[in-house]
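Reading through the structure tokens given below for one structure.
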Amino acid sequence: MTGLTHLDDDGRARMVDVGDKATTKRVATATATFTTRPDVIALVQADGLPKADVIATARIAGIAGAKRTSELIPLCHQLALSSVSLDFAFTEDSIVITATAKTTGQTGVEMEALTAASIAGLTLHDMVKAVDPASVLGDIRLLGKSGGKRGNWTPEASEPIEAPVARTVRPRTAAVIVASTAGAAGTREDLTGPHISAWLSEHDYAVDAVTVVSDADVHLAITAALDAAPAVLITTGGTGLSPSDRTPEATQPHLHRELPGISEAIRTLGSTKTPTAALSRGLAGVSGGTVVVNLPGSTGGVKDGLAVLGGLLDHLVAQIAGGGAHE
């Protein structure tokens with residue numbers, strides 16, 4: 001698209017007519033970063049500010065903001081939102097807000113997700129201004145969207161990636177991608193990639209390569225790996241909530257069939273040992289005949305993921321290839 005849809009032929013503002021658009025499931029995720037002092041972060045986490053329940057209040061405010069987006073932004077359509085969720089991740093001096101909005105309708109929910117993240121961040125500022133009036137809300141941006149005529153979009157792709165057609169994969173082959181900025185820079189030894197590669201070899205898969213890339217380049221690595229048509233692609237790292245974690249966003253546009261049961265099984269197994277495993281956003285699915293699975297970046301998370309795959313992978317690969325039992 002090269003034109004501005006909210007302008008008519010005379011350059012005047014207009015509300016786009018979406019009446020003839022298809023009704024589809026729409027999802028959008030946005031983020032914002034609230035930066036403050038480390039001592040304020042500690043107060044928020046300890047619920048020690050004069051205005052209590054800081055995160056709970058910001059979450060409710062974000063949801064309320066999403067629901068009123070059409071009142072705040074003049075040319076937005078009123079939407080029947082089916083879901084609005086907000087997550088908050090802490091760093092030493094910031095709170096990273098991630099907002100996801102969903103609907104089934106004729107137009108997208110990008111503005112609702114962006115509004116939710118923004119209003120949640122402004123509420124955080126209101127809650128901490130007594131102790132840090134210099135706090136900053138910034139980096140408000142769309143992380144990705146799906147649904148509608150243009151399908152999936154992420155910042156890594158200026159154009160949406162079309163759903164891949166089924167292709168003939170190379171049997172019993174695999175690729176491994178490690179998303180680790182420190183590993184790619186050589187400042188941290190990667191242990192997860194070799195572990196996955198060894199596991200695949202033990203299960204009679206020939207591994208093309210173990211590719212270690214920065215979080216910013218993981219989308220390029222996934223595209224290149226899928227172009228080589230392996231039967232299996234396993235990634236590790238970049239599935240958390242930090243601003244640099246981009247693996248699920250880089251993976252999702254390539255999937256034409258998702259396998260949520262695998263992702264949930266990995267999270268469930270990990271949560272029995274480490275509660276934070278529930279925060280993993282890793283995906284699993286099929287891309288043009290290739291099984292794609294995102295594993296966490298920790299060695300424990302990788303072991304849990306491979307334990308789940310151990311009982312599924314061969315059966316899954318066989319079914320995708322047109323064989324395998326259906327019991």
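Letters for chains follow the order of the structure tokens (A, B, ...), residue numbers begin at 1 for each chain, and ligand numbers begin at 1 in the order shown.
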
Which of region 208-292 of chain A DSSP labels helix (DSSP H, G or I), written as a PyMOL selection string: chain A and resi 215-227+247-254+260-271+275-279

Could you please take those selected residues and save N, CA and C atoms as a compact mmCIF listing (two decimals), in the first residue's frame?
```
# COMPACT_ATOMS: atom_id res chain seq x y z
N ASP A 215 19.35 -11.33 18.22
CA ASP A 215 17.89 -11.26 18.24
C ASP A 215 17.36 -10.44 17.07
N ALA A 216 18.08 -9.41 16.68
CA ALA A 216 17.61 -8.55 15.59
C ALA A 216 17.64 -9.25 14.24
N ASP A 217 18.45 -10.31 14.10
CA ASP A 217 18.60 -10.98 12.81
C ASP A 217 17.91 -12.33 12.75
N VAL A 218 17.14 -12.68 13.79
CA VAL A 218 16.55 -14.02 13.81
C VAL A 218 15.56 -14.21 12.67
N HIS A 219 14.86 -13.15 12.25
CA HIS A 219 13.90 -13.30 11.16
C HIS A 219 14.59 -13.67 9.86
N LEU A 220 15.79 -13.12 9.63
CA LEU A 220 16.54 -13.47 8.43
C LEU A 220 16.99 -14.92 8.47
N ALA A 221 17.42 -15.36 9.64
CA ALA A 221 17.89 -16.74 9.77
C ALA A 221 16.77 -17.74 9.57
N ILE A 222 15.58 -17.43 10.11
CA ILE A 222 14.44 -18.33 9.94
C ILE A 222 14.05 -18.42 8.47
N THR A 223 14.00 -17.30 7.79
CA THR A 223 13.66 -17.30 6.36
C THR A 223 14.65 -18.13 5.56
N ALA A 224 15.95 -17.94 5.83
CA ALA A 224 16.98 -18.68 5.11
C ALA A 224 16.90 -20.17 5.39
N ALA A 225 16.65 -20.52 6.64
CA ALA A 225 16.57 -21.94 7.00
C ALA A 225 15.39 -22.60 6.31
N LEU A 226 14.24 -21.94 6.28
CA LEU A 226 13.05 -22.53 5.65
C LEU A 226 13.21 -22.64 4.14
N ASP A 227 13.95 -21.73 3.54
CA ASP A 227 14.20 -21.80 2.10
C ASP A 227 14.95 -23.08 1.73
N THR A 247 11.75 -13.83 18.58
CA THR A 247 11.62 -15.09 17.84
C THR A 247 10.17 -15.45 17.49
N PRO A 248 9.20 -15.36 18.42
CA PRO A 248 7.82 -15.68 18.01
C PRO A 248 7.30 -14.76 16.92
N GLU A 249 7.64 -13.47 17.00
CA GLU A 249 7.19 -12.53 15.97
C GLU A 249 7.82 -12.85 14.61
N ALA A 250 9.07 -13.34 14.62
CA ALA A 250 9.74 -13.70 13.38
C ALA A 250 9.24 -15.03 12.83
N THR A 251 8.71 -15.88 13.69
CA THR A 251 8.26 -17.20 13.29
C THR A 251 6.82 -17.19 12.77
N GLN A 252 5.94 -16.49 13.45
CA GLN A 252 4.50 -16.60 13.20
C GLN A 252 4.10 -16.33 11.75
N PRO A 253 4.67 -15.32 11.07
CA PRO A 253 4.23 -15.08 9.69
C PRO A 253 4.51 -16.24 8.74
N HIS A 254 5.45 -17.11 9.09
CA HIS A 254 5.79 -18.23 8.22
C HIS A 254 4.86 -19.43 8.41
N PRO A 260 -0.59 -25.40 18.71
CA PRO A 260 -0.53 -24.83 20.06
C PRO A 260 -0.35 -25.88 21.15
N GLY A 261 -0.80 -27.11 20.89
CA GLY A 261 -0.66 -28.14 21.91
C GLY A 261 0.79 -28.43 22.26
N ILE A 262 1.68 -28.35 21.27
CA ILE A 262 3.10 -28.59 21.54
C ILE A 262 3.67 -27.47 22.41
N SER A 263 3.37 -26.23 22.05
CA SER A 263 3.87 -25.10 22.84
C SER A 263 3.36 -25.17 24.28
N GLU A 264 2.08 -25.49 24.43
CA GLU A 264 1.51 -25.56 25.78
C GLU A 264 2.12 -26.70 26.58
N ALA A 265 2.38 -27.83 25.92
CA ALA A 265 3.00 -28.95 26.62
C ALA A 265 4.40 -28.60 27.11
N ILE A 266 5.14 -27.86 26.30
CA ILE A 266 6.49 -27.43 26.71
C ILE A 266 6.41 -26.48 27.89
N ARG A 267 5.50 -25.51 27.82
CA ARG A 267 5.34 -24.57 28.93
C ARG A 267 4.88 -25.28 30.20
N THR A 268 3.97 -26.23 30.05
CA THR A 268 3.45 -26.94 31.22
C THR A 268 4.54 -27.75 31.90
N LEU A 269 5.33 -28.47 31.11
CA LEU A 269 6.42 -29.25 31.70
C LEU A 269 7.44 -28.34 32.39
N GLY A 270 7.78 -27.23 31.73
CA GLY A 270 8.74 -26.30 32.32
C GLY A 270 8.23 -25.67 33.60
N SER A 271 6.93 -25.39 33.65
CA SER A 271 6.35 -24.72 34.82
C SER A 271 6.37 -25.60 36.06
N PRO A 275 8.56 -21.66 37.65
CA PRO A 275 7.32 -20.93 37.38
C PRO A 275 7.42 -19.96 36.22
N THR A 276 8.60 -19.36 36.02
CA THR A 276 8.73 -18.38 34.93
C THR A 276 8.65 -19.01 33.54
N ALA A 277 8.68 -20.35 33.47
CA ALA A 277 8.53 -21.01 32.16
C ALA A 277 7.19 -20.67 31.53
N ALA A 278 6.21 -20.32 32.35
CA ALA A 278 4.89 -19.97 31.83
C ALA A 278 4.93 -18.68 31.00
N LEU A 279 5.99 -17.90 31.13
CA LEU A 279 6.10 -16.64 30.40
C LEU A 279 6.62 -16.82 28.98
```

List the neighbours of region 299-313 of chain A out to 10 Å using only C-alpha atoms; skip same-chain residues closer than 4 positions along the sequence, and give me the result as a VMD selection string. chain A and resid 190 to 193 195 to 196 199 to 200 203 232 234 to 237 262 to 263 265 to 271 273 to 274 277 280 291 293 to 295 317 to 319

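One finds CA of Tyr205 (chain A) at 23.7 Å from CA of Ser180 (chain A).
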
Using only C-alpha atoms, which residues sit within 10 Å of Phe90 (chain A) once same-chain residues fewer than 3 positions away are excluded, as a PDB file with C-alpha atoms, in the first residue's frame?
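Contents of the output file selection05.pdb:
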```pdb
ATOM      1  CA  THR A  33       8.584   1.091  27.631  1.00  0.00           C
ATOM      2  CA  PHE A  34       8.266   3.032  30.876  1.00  0.00           C
ATOM      3  CA  ILE A  41      11.186  -0.174  40.061  1.00  0.00           C
ATOM      4  CA  ALA A  42      11.885  -1.832  43.409  1.00  0.00           C
ATOM      5  CA  VAL A  44       6.626  -0.938  42.267  1.00  0.00           C
ATOM      6  CA  GLN A  45       7.597  -4.592  42.622  1.00  0.00           C
ATOM      7  CA  ASP A  93      15.236   0.655  35.262  1.00  0.00           C
ATOM      8  CA  SER A  94      12.164   0.049  33.125  1.00  0.00           C
ATOM      9  CA  ILE A  95       8.839  -1.700  32.779  1.00  0.00           C
ATOM     10  CA  VAL A  96       8.118  -3.124  29.330  1.00  0.00           C
ATOM     11  CA  ILE A  97       4.397  -3.190  28.576  1.00  0.00           C
ATOM     12  CA  LEU A 241       9.308 -10.608  27.264  1.00  0.00           C
ATOM     13  CA  SER A 242      12.384  -8.421  26.995  1.00  0.00           C
TER      14      SER A 242
END
```

List every residue of region 85-298 of chain A that DSSP, applied to the backbone, labels as strand (DSSP E or B), and write the result as a PyMOL selection string. chain A and resi 85-90+94-105+136-146+153+170-179+206-213+230-236+257-258+284-287+290-295

Separation of CA of Ser298 (chain A) from CA of Val84 (chain A), in Å and rounded to one decimal: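 It comes out at 29.3 Å.
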
Between CA of Asp245 (chain A) and CA of Pro296 (chain A), what is the spacing in Å?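 Computing the Euclidean distance for CA of Pro296 (chain A) and CA of Asp245 (chain A) yields 10.6 Å.
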